[in-house]
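Peer 1: My structure file query_26.txt, compact mmCIF, C-alpha atoms, is below:
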```
# COMPACT_ATOMS: atom_id res chain seq x y z
CA MET Q 340 0.00 0.00 0.00
CA THR Q 341 1.42 3.37 -0.99
CA PRO Q 342 1.79 6.10 1.68
CA GLU Q 343 -0.79 8.20 -0.16
CA LEU Q 344 -3.38 5.42 -0.15
CA LYS Q 345 -2.68 4.63 3.47
CA GLN Q 346 -3.22 8.26 4.38
CA MET Q 347 -6.49 8.38 2.42
CA MET Q 348 -7.82 5.27 4.16
CA THR Q 349 -6.93 6.79 7.52
CA LEU Q 350 -8.74 10.00 6.65
CA LEU Q 351 -11.80 8.09 5.57
CA GLN Q 352 -11.60 5.79 8.58
CA ILE Q 353 -11.50 2.71 6.38
CA ASN Q 354 -10.32 -0.37 8.23
CA GLY Q 355 -10.56 -2.82 5.36
CA GLN Q 356 -13.77 -4.39 6.65
CA LYS Q 357 -17.08 -4.08 4.81
CA ASP Q 358 -20.14 -3.22 6.86
CA SER Q 359 -22.98 -5.17 5.28
CA ARG Q 360 -25.47 -2.89 7.07
CA LYS Q 361 -24.24 0.04 4.99
CA ASP Q 362 -23.23 -1.67 1.74
CA GLU Q 363 -26.18 -1.45 -0.66
CA ASN Q 364 -24.68 -4.01 -3.02
CA LEU Q 365 -24.45 -6.64 -0.30
CA LYS Q 366 -27.94 -5.77 0.91
CA TYR Q 367 -29.37 -6.31 -2.55
CA LEU Q 368 -27.38 -9.52 -3.02
CA GLU Q 369 -28.69 -10.88 0.27
CA GLU Q 370 -32.28 -10.08 -0.68
CA PHE Q 371 -31.75 -11.61 -4.11
CA SER Q 372 -30.18 -14.74 -2.60
CA ASN Q 373 -33.08 -15.23 -0.20
CA LYS Q 374 -35.79 -14.95 -2.83
CA GLU Q 375 -37.29 -18.29 -3.71
CA PHE Q 376 -38.48 -18.98 -7.23
CA ASN Q 377 -42.07 -20.05 -6.61
CA LEU Q 378 -43.87 -19.43 -9.89
CA GLN Q 379 -45.74 -22.66 -10.50
CA SER Q 380 -46.45 -23.69 -14.05
CA GLY Q 381 -50.00 -24.85 -13.37
CA LEU Q 382 -49.27 -27.70 -15.78
CA ILE Q 383 -48.93 -31.46 -15.44
CA PHE Q 384 -47.12 -33.48 -18.11
CA VAL Q 385 -47.54 -37.26 -18.30
CA ASP Q 386 -45.99 -39.50 -20.94
CA ARG Q 387 -48.70 -41.14 -23.05
CA LYS Q 388 -46.95 -44.51 -22.60
CA GLU Q 389 -47.80 -44.37 -18.91
CA PHE Q 390 -51.47 -44.41 -19.83
CA GLU Q 391 -50.87 -47.48 -21.97
CA LEU Q 392 -49.17 -49.25 -19.05
CA SER Q 393 -51.69 -48.27 -16.38
CA GLU Q 394 -54.36 -45.70 -17.05
CA LYS Q 395 -55.34 -45.64 -13.38
CA GLU Q 396 -51.82 -44.76 -12.21
CA ALA Q 397 -51.34 -42.25 -15.02
CA LEU Q 398 -54.59 -40.51 -14.14
CA GLY Q 399 -53.47 -40.46 -10.52
CA LYS Q 400 -50.36 -38.54 -11.57
CA MET Q 401 -52.39 -36.25 -13.75
CA HIS Q 402 -54.72 -35.33 -10.90
CA ASP Q 403 -52.02 -34.82 -8.26
CA LEU Q 404 -51.16 -31.11 -8.06
CA LYS Q 405 -47.76 -31.99 -6.60
CA ASN Q 406 -46.79 -33.18 -10.07
CA GLN Q 407 -46.89 -29.69 -11.57
CA SER Q 408 -43.82 -28.98 -13.67
CA TRP Q 409 -42.58 -26.91 -16.59
CA GLY Q 410 -42.30 -30.13 -18.58
CA ILE Q 411 -40.53 -29.50 -21.85
CA LEU Q 412 -39.47 -26.08 -20.53
CA ASP Q 413 -37.86 -27.48 -17.37
CA ALA Q 414 -34.40 -27.05 -18.89
CA GLU Q 415 -35.00 -23.32 -19.41
CA VAL Q 416 -36.23 -22.77 -15.85
CA ASN Q 417 -33.34 -24.81 -14.45
CA SER Q 418 -30.95 -22.64 -16.47
CA MET Q 419 -32.39 -19.53 -14.79
CA ILE Q 420 -31.82 -21.03 -11.33
CA THR Q 421 -28.29 -22.15 -12.24
CA GLU Q 422 -27.47 -18.68 -13.57
CA LYS Q 423 -28.64 -17.15 -10.29
CA GLN Q 424 -26.40 -19.44 -8.23
CA ARG Q 425 -23.46 -18.78 -10.56
CA LEU Q 426 -23.87 -15.00 -10.42
CA ILE Q 427 -24.11 -14.91 -6.63
CA SER Q 428 -20.98 -17.03 -6.32
CA LYS Q 429 -19.12 -14.94 -8.91
CA PHE Q 430 -20.05 -11.64 -7.26
CA LYS Q 431 -19.09 -12.77 -3.75
CA ALA Q 432 -15.76 -14.16 -4.97
CA PHE Q 433 -14.88 -10.87 -6.66
CA TYR Q 434 -16.32 -8.48 -4.08
CA ASN Q 435 -14.70 -10.14 -1.08
CA SER Q 436 -11.28 -10.68 -2.65
CA LYS Q 437 -8.21 -8.58 -2.02
CA ILE Q 438 -6.71 -7.01 -5.10
CA SER Q 439 -3.33 -8.38 -4.08
CA GLU Q 440 -4.76 -11.88 -4.46
CA LEU Q 441 -5.95 -11.23 -8.02
CA PRO Q 442 -2.99 -10.41 -10.30
CA GLU Q 443 -5.29 -9.56 -13.21
CA LEU Q 444 -6.76 -6.67 -11.19
CA ARG Q 445 -3.60 -5.10 -9.83
CA ASN Q 446 -3.27 -2.62 -12.68
CA LEU Q 447 -6.88 -1.44 -12.54
CA ASN Q 448 -7.76 1.89 -11.00
CA ILE Q 449 -10.66 2.51 -8.60
CA GLY Q 450 -12.94 3.69 -11.39
CA GLN Q 451 -12.37 0.51 -13.38
CA LEU Q 452 -13.04 -1.65 -10.33
CA GLU Q 453 -16.26 0.27 -9.67
CA THR Q 454 -17.31 -0.34 -13.28
CA ILE Q 455 -16.85 -4.09 -12.84
CA VAL Q 456 -18.95 -4.05 -9.66
CA SER Q 457 -21.61 -1.88 -11.33
CA ASN Q 458 -21.87 -4.20 -14.35
CA LEU Q 459 -22.15 -7.26 -12.13
CA MET Q 460 -24.91 -5.62 -10.11
CA ILE Q 461 -26.81 -4.64 -13.25
CA ARG Q 462 -26.61 -8.24 -14.44
CA ILE Q 463 -27.87 -9.51 -11.09
CA LYS Q 464 -30.77 -7.04 -11.13
CA ARG Q 465 -31.66 -8.06 -14.68
CA LEU Q 466 -31.82 -11.69 -13.65
CA ASP Q 467 -33.99 -10.58 -10.74
CA CYS Q 468 -36.37 -9.09 -13.32
CA VAL Q 469 -36.57 -12.56 -14.87
CA LEU Q 470 -37.08 -14.64 -11.75
CA ASP Q 471 -39.25 -12.17 -9.84
CA THR Q 472 -41.37 -11.15 -12.80
CA LYS Q 473 -43.42 -7.99 -12.45
CA PHE Q 474 -45.71 -6.71 -15.19
CA ASN Q 475 -48.59 -4.43 -16.03
CA SER Q 476 -51.26 -5.38 -18.51
CA THR Q 477 -53.72 -3.47 -20.61
CA GLN Q 478 -56.06 -4.01 -23.53
CA PHE Q 479 -55.92 -2.26 -26.86
CA LEU Q 480 -58.13 -2.20 -29.94
CA GLU Q 481 -56.61 -3.04 -33.30
CA LYS Q 482 -58.48 -0.71 -35.64
CA LYS Q 483 -57.78 -2.75 -38.75
CA THR Q 484 -59.47 -5.92 -37.48
CA GLY Q 485 -61.63 -4.52 -34.68
CA HIS Q 486 -60.20 -7.14 -32.33
CA ARG Q 487 -59.13 -6.40 -28.78
CA TYR Q 488 -55.78 -7.71 -27.56
CA LEU Q 489 -54.10 -8.11 -24.22
CA MET Q 490 -50.72 -6.40 -23.93
CA ALA Q 491 -48.30 -6.86 -21.05
CA LYS Q 492 -45.28 -4.74 -20.14
CA GLY Q 493 -42.41 -6.18 -18.12
CA PHE Q 494 -39.45 -4.54 -16.42
CA TRP Q 495 -35.76 -4.38 -17.30
CA ILE Q 496 -32.63 -2.67 -16.00
CA ASN Q 497 -31.02 -0.06 -18.25
CA ASN Q 498 -27.25 0.21 -18.63
CA ASP Q 499 -27.23 2.99 -16.05
CA GLY Q 500 -28.92 0.72 -13.48
CA THR Q 501 -32.37 2.31 -13.79
CA ARG Q 502 -35.38 -0.01 -13.58
CA VAL Q 503 -37.70 0.68 -16.50
CA ARG Q 504 -40.89 -0.79 -17.93
CA SER Q 505 -39.55 -1.46 -21.41
CA ILE Q 506 -40.61 -4.99 -22.40
CA SER Q 507 -43.92 -4.86 -24.28
CA ARG Q 508 -45.55 -7.97 -25.68
CA ASN Q 509 -48.85 -8.64 -27.42
CA ILE Q 510 -50.05 -11.62 -25.39
CA ALA Q 511 -53.22 -12.75 -27.13
CA ASN Q 512 -56.69 -11.83 -28.31
CA VAL Q 513 -58.76 -11.06 -25.20
CA GLU Q 514 -61.16 -13.81 -26.28
CA SER Q 515 -58.40 -16.42 -26.35
CA SER Q 516 -58.65 -19.26 -23.86
CA ILE Q 517 -56.04 -20.02 -21.25
CA THR Q 518 -55.30 -23.24 -23.15
CA GLU Q 519 -54.43 -21.23 -26.27
CA LEU Q 520 -52.11 -19.03 -24.24
CA VAL Q 521 -50.33 -21.99 -22.63
CA MET Q 522 -49.84 -23.63 -26.02
CA LYS Q 523 -48.42 -20.36 -27.34
CA ILE Q 524 -45.93 -20.14 -24.45
CA LEU Q 525 -44.69 -23.67 -25.07
CA LYS Q 526 -44.34 -23.23 -28.83
CA MET Q 527 -42.58 -19.87 -28.53
CA ASN Q 528 -39.97 -21.30 -26.16
CA ASN Q 529 -39.36 -24.64 -27.83
CA LYS Q 530 -39.44 -24.42 -31.62
CA SER Q 531 -38.91 -28.16 -32.11
CA ILE Q 532 -42.19 -29.32 -30.57
CA ILE Q 533 -45.65 -29.87 -31.99
CA VAL Q 534 -48.57 -28.81 -29.80
CA MET Q 535 -52.07 -30.02 -30.60
CA GLU Q 536 -55.37 -29.38 -28.87
CA LEU Q 537 -57.88 -32.24 -28.84
CA ASN Q 538 -61.63 -32.25 -28.78
CA LYS Q 539 -63.08 -33.72 -25.61
CA ALA Q 540 -64.68 -37.12 -25.99
CA SER Q 541 -66.53 -39.46 -23.65
CA GLU Q 542 -63.23 -41.12 -22.73
CA TYR Q 543 -60.44 -39.26 -20.97
CA LYS Q 544 -58.60 -36.72 -23.08
CA PRO Q 545 -55.95 -34.25 -21.93
CA ASP Q 546 -56.23 -30.53 -22.57
CA PHE Q 547 -53.63 -30.87 -25.31
CA LEU Q 548 -50.72 -32.98 -26.57
CA VAL Q 549 -47.06 -32.10 -26.95
CA TYR Q 550 -44.76 -34.02 -29.30
CA ASP Q 551 -41.07 -33.43 -28.68
CA GLY Q 552 -39.69 -35.87 -31.23
CA SER Q 553 -39.28 -38.84 -28.91
CA LYS Q 554 -42.29 -38.65 -26.62
CA GLU Q 555 -45.92 -37.72 -26.70
CA TRP Q 556 -46.83 -35.79 -23.58
CA TRP Q 557 -50.39 -35.50 -22.38
CA VAL Q 558 -50.86 -32.18 -20.62
CA GLU Q 559 -53.50 -30.83 -18.29
CA ILE Q 560 -53.83 -27.21 -17.17
CA LYS Q 561 -54.50 -27.06 -13.44
CA SER Q 562 -54.41 -23.30 -13.05
CA LYS Q 563 -57.12 -21.18 -14.63
CA ASN Q 564 -55.46 -17.96 -13.46
CA MET Q 565 -54.80 -15.96 -16.62
CA ASP Q 566 -52.55 -13.50 -14.78
CA ASN Q 567 -50.20 -16.32 -13.76
CA MET Q 568 -49.94 -17.46 -17.36
CA VAL Q 569 -49.25 -13.91 -18.54
CA LYS Q 570 -46.56 -13.70 -15.85
CA SER Q 571 -45.01 -16.90 -17.21
CA PHE Q 572 -45.14 -15.47 -20.73
CA ILE Q 573 -43.27 -12.32 -19.64
CA MET Q 574 -40.77 -14.33 -17.58
CA PHE Q 575 -39.69 -16.39 -20.59
CA GLU Q 576 -39.59 -13.31 -22.83
CA THR Q 577 -37.38 -11.47 -20.32
CA TRP Q 578 -35.15 -14.55 -20.06
CA LYS Q 579 -34.67 -14.48 -23.83
CA ILE Q 580 -33.55 -10.85 -23.64
CA TYR Q 581 -31.17 -11.72 -20.79
CA LYS Q 582 -29.66 -14.63 -22.69
CA ASN Q 583 -29.21 -12.52 -25.79
CA GLU Q 584 -27.61 -9.69 -23.78
CA TYR Q 585 -25.06 -12.01 -22.19
CA GLU Q 586 -24.62 -14.34 -25.18
CA LEU Q 587 -26.13 -17.35 -23.43
CA LEU Q 588 -28.25 -18.36 -26.41
CA THR Q 589 -27.61 -21.83 -27.78
```
Show me the file's structure as structure tokens.
Peer 2:
Amino acid sequence: MTPELKQMMTLLQINGQKDSRKDENLKYLEEFSNKEFNLQSGLIFVDRKEFELSEKEALGKMHDLKNQSWGILDAEVNSMITEKQRLISKFKAFYNSKISELPELRNLNIGQLETIVSNLMIRIKRLDCVLDTKFNSTQFLEKKTGHRYLMAKGFWINNDGTRVRSISRNIANVESSITELVMKILKMNNKSIIVMELNKASEYKPDFLVYDGSKEWWVEIKSKNMDNMVKSFIMFETWKIYKNEYELLT
């Protein structure tokens, strides 16, 4: 430590220890870490082959709300959770390290170090926008067709760290069913699948089928809450923007 820096730290009464009660970055990180992802899909996926083996057992799975999952979108949701864990670990490792222990940082000035911290915090807050989805919705009239549509606006973090309502999406015709919206969400987030709605018959039929190339999934919608489905729609759309921003697209 140079004499000048030592004198500055003395003047500022810096003892090298961070006070988490005063550090806004650590406060936010703690809040972010403690948030649990609890957005349920409201969907149950059961492989059609299970019905062929034992319809009774398959129906039991289909009717058990504990079996809710994101099904063919599980990998996307798991990627969000993994990214959260990775970011928290990465931030803590950097923020709590001494510059002397990181040779690649020794030549950086205070402004450059602050920029690294700021960019990491912006990334964390953007992921927070994904996992803790907030949105506003409204209806608008398309003059050309005379149809009314539901539009939702989600939140994002600008490069300066400001939280803005900048993600606008046309969700669906206001007369669309929740089944149509769920099918749209699945198709928009997995281009390789085929989704097909079936007409109800006297025998058991699921709400719709999903073909993913190797399996035929029978799917039932357990939640009739349209707001929850709109929230899911915005979550996946915000996740796409996040992945594109940080080159996580595959």
Peer 1: Would you kindly return, as a list in words, each protein, DNA or RNA residue with an atom no farther than 9 Å from any atom of segment 368-373 of chain Q, considering all atoms listed in the file and excluding same-chain residues fewer than 2 positions away?
Peer 2: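 My list of contacting residues is Glu363, Asn364, Leu365, Lys366, Glu375, Lys423, Gln424, Ile427, Phe430, Lys431, Met460, Ile463, Lys464 and Asp467 of chain Q.
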Peer 1: Residues within 12 Å of segment 442-453 of chain Q, please, as a PDB file with C-alpha atoms, in the frame of the given file. Count all atoms listed in the file; anything in the same chain fewer than 4 positions from it doesn't count.
Peer 2:
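Result went into selection03.pdb, see below:
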```
ATOM      1  CA  MET Q 340       0.000   0.000   0.000  1.00  0.00           C
ATOM      2  CA  LEU Q 344      -3.380   5.420  -0.150  1.00  0.00           C
ATOM      3  CA  ASN Q 364     -24.680  -4.010  -3.020  1.00  0.00           C
ATOM      4  CA  PHE Q 433     -14.880 -10.870  -6.660  1.00  0.00           C
ATOM      5  CA  TYR Q 434     -16.320  -8.480  -4.080  1.00  0.00           C
ATOM      6  CA  SER Q 436     -11.280 -10.680  -2.650  1.00  0.00           C
ATOM      7  CA  LYS Q 437      -8.210  -8.580  -2.020  1.00  0.00           C
ATOM      8  CA  ILE Q 438      -6.710  -7.010  -5.100  1.00  0.00           C
ATOM      9  CA  SER Q 457     -21.610  -1.880 -11.330  1.00  0.00           C
ATOM     10  CA  ASN Q 458     -21.870  -4.200 -14.350  1.00  0.00           C
ATOM     11  CA  LEU Q 459     -22.150  -7.260 -12.130  1.00  0.00           C
ATOM     12  CA  MET Q 460     -24.910  -5.620 -10.110  1.00  0.00           C
TER      13      MET Q 460
END
```
Peer 1: Contacts of Ile420 of chain Q at 12 Å or less, counting only C-alpha atoms, minus same-chain residues fewer than 4 places along, as a list in words?
Peer 2: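 The filter keeps Phe371, Ser372, Lys374, Glu375, Phe376, Asn377, Asp413, Ala414, Glu415, Val416, Gln424, Arg425, Leu426, Ile427, Leu466, Asp467, Val469, Leu470, Asp471 and Trp578 of chain Q.
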Peer 1: Which residue out of Q:Ile411, Q:Met527, Q:Ala432, Q:Leu520 has the minimum interatomic distance to Met565 of chain Q when all atoms listed in the file are used?
Peer 2: Q:Leu520
Peer 1: Could you check which residues have any atom within 12 Å of (-39.4, -26.7, -21.5), counting all atoms listed in the file with coordinates taken straight from the file, and then list them as a ChimeraX atom specification?
Peer 2: /Q:380,382,384,408-418,521-522,524-532,549-551,556,575
Peer 1: Which residues of segment 544-570 of chain Q have any atom within 12 Å of an atom in segment 505-519 of chain Q when counting all atoms listed in the file, and what is the closest pair of atoms for each, with the distance in Å to one decimal? Order the rows by chain and rising number and write it as JSON lines.
Peer 2:
```
{"residue": "Q:Pro545", "atom": "CA", "partner": "Q:Thr518", "partner_atom": "CA", "distance": 11.1}
{"residue": "Q:Asp546", "atom": "CA", "partner": "Q:Thr518", "partner_atom": "CA", "distance": 7.4}
{"residue": "Q:Phe547", "atom": "CA", "partner": "Q:Thr518", "partner_atom": "CA", "distance": 8.1}
{"residue": "Q:Leu548", "atom": "CA", "partner": "Q:Thr518", "partner_atom": "CA", "distance": 11.3}
{"residue": "Q:Val558", "atom": "CA", "partner": "Q:Thr518", "partner_atom": "CA", "distance": 10.3}
{"residue": "Q:Glu559", "atom": "CA", "partner": "Q:Thr518", "partner_atom": "CA", "distance": 9.2}
{"residue": "Q:Ile560", "atom": "CA", "partner": "Q:Thr518", "partner_atom": "CA", "distance": 7.3}
{"residue": "Q:Lys561", "atom": "CA", "partner": "Q:Thr518", "partner_atom": "CA", "distance": 10.5}
{"residue": "Q:Ser562", "atom": "CA", "partner": "Q:Ile517", "partner_atom": "CA", "distance": 9.0}
{"residue": "Q:Lys563", "atom": "CA", "partner": "Q:Ile517", "partner_atom": "CA", "distance": 6.8}
{"residue": "Q:Asn564", "atom": "CA", "partner": "Q:Ile517", "partner_atom": "CA", "distance": 8.1}
{"residue": "Q:Met565", "atom": "CA", "partner": "Q:Ile517", "partner_atom": "CA", "distance": 6.3}
{"residue": "Q:Asp566", "atom": "CA", "partner": "Q:Ile517", "partner_atom": "CA", "distance": 9.8}
{"residue": "Q:Asn567", "atom": "CA", "partner": "Q:Ile517", "partner_atom": "CA", "distance": 10.2}
{"residue": "Q:Met568", "atom": "CA", "partner": "Q:Ile517", "partner_atom": "CA", "distance": 7.7}
{"residue": "Q:Val569", "atom": "CA", "partner": "Q:Ile510", "partner_atom": "CA", "distance": 7.3}
{"residue": "Q:Lys570", "atom": "CA", "partner": "Q:Ile510", "partner_atom": "CA", "distance": 10.4}
```
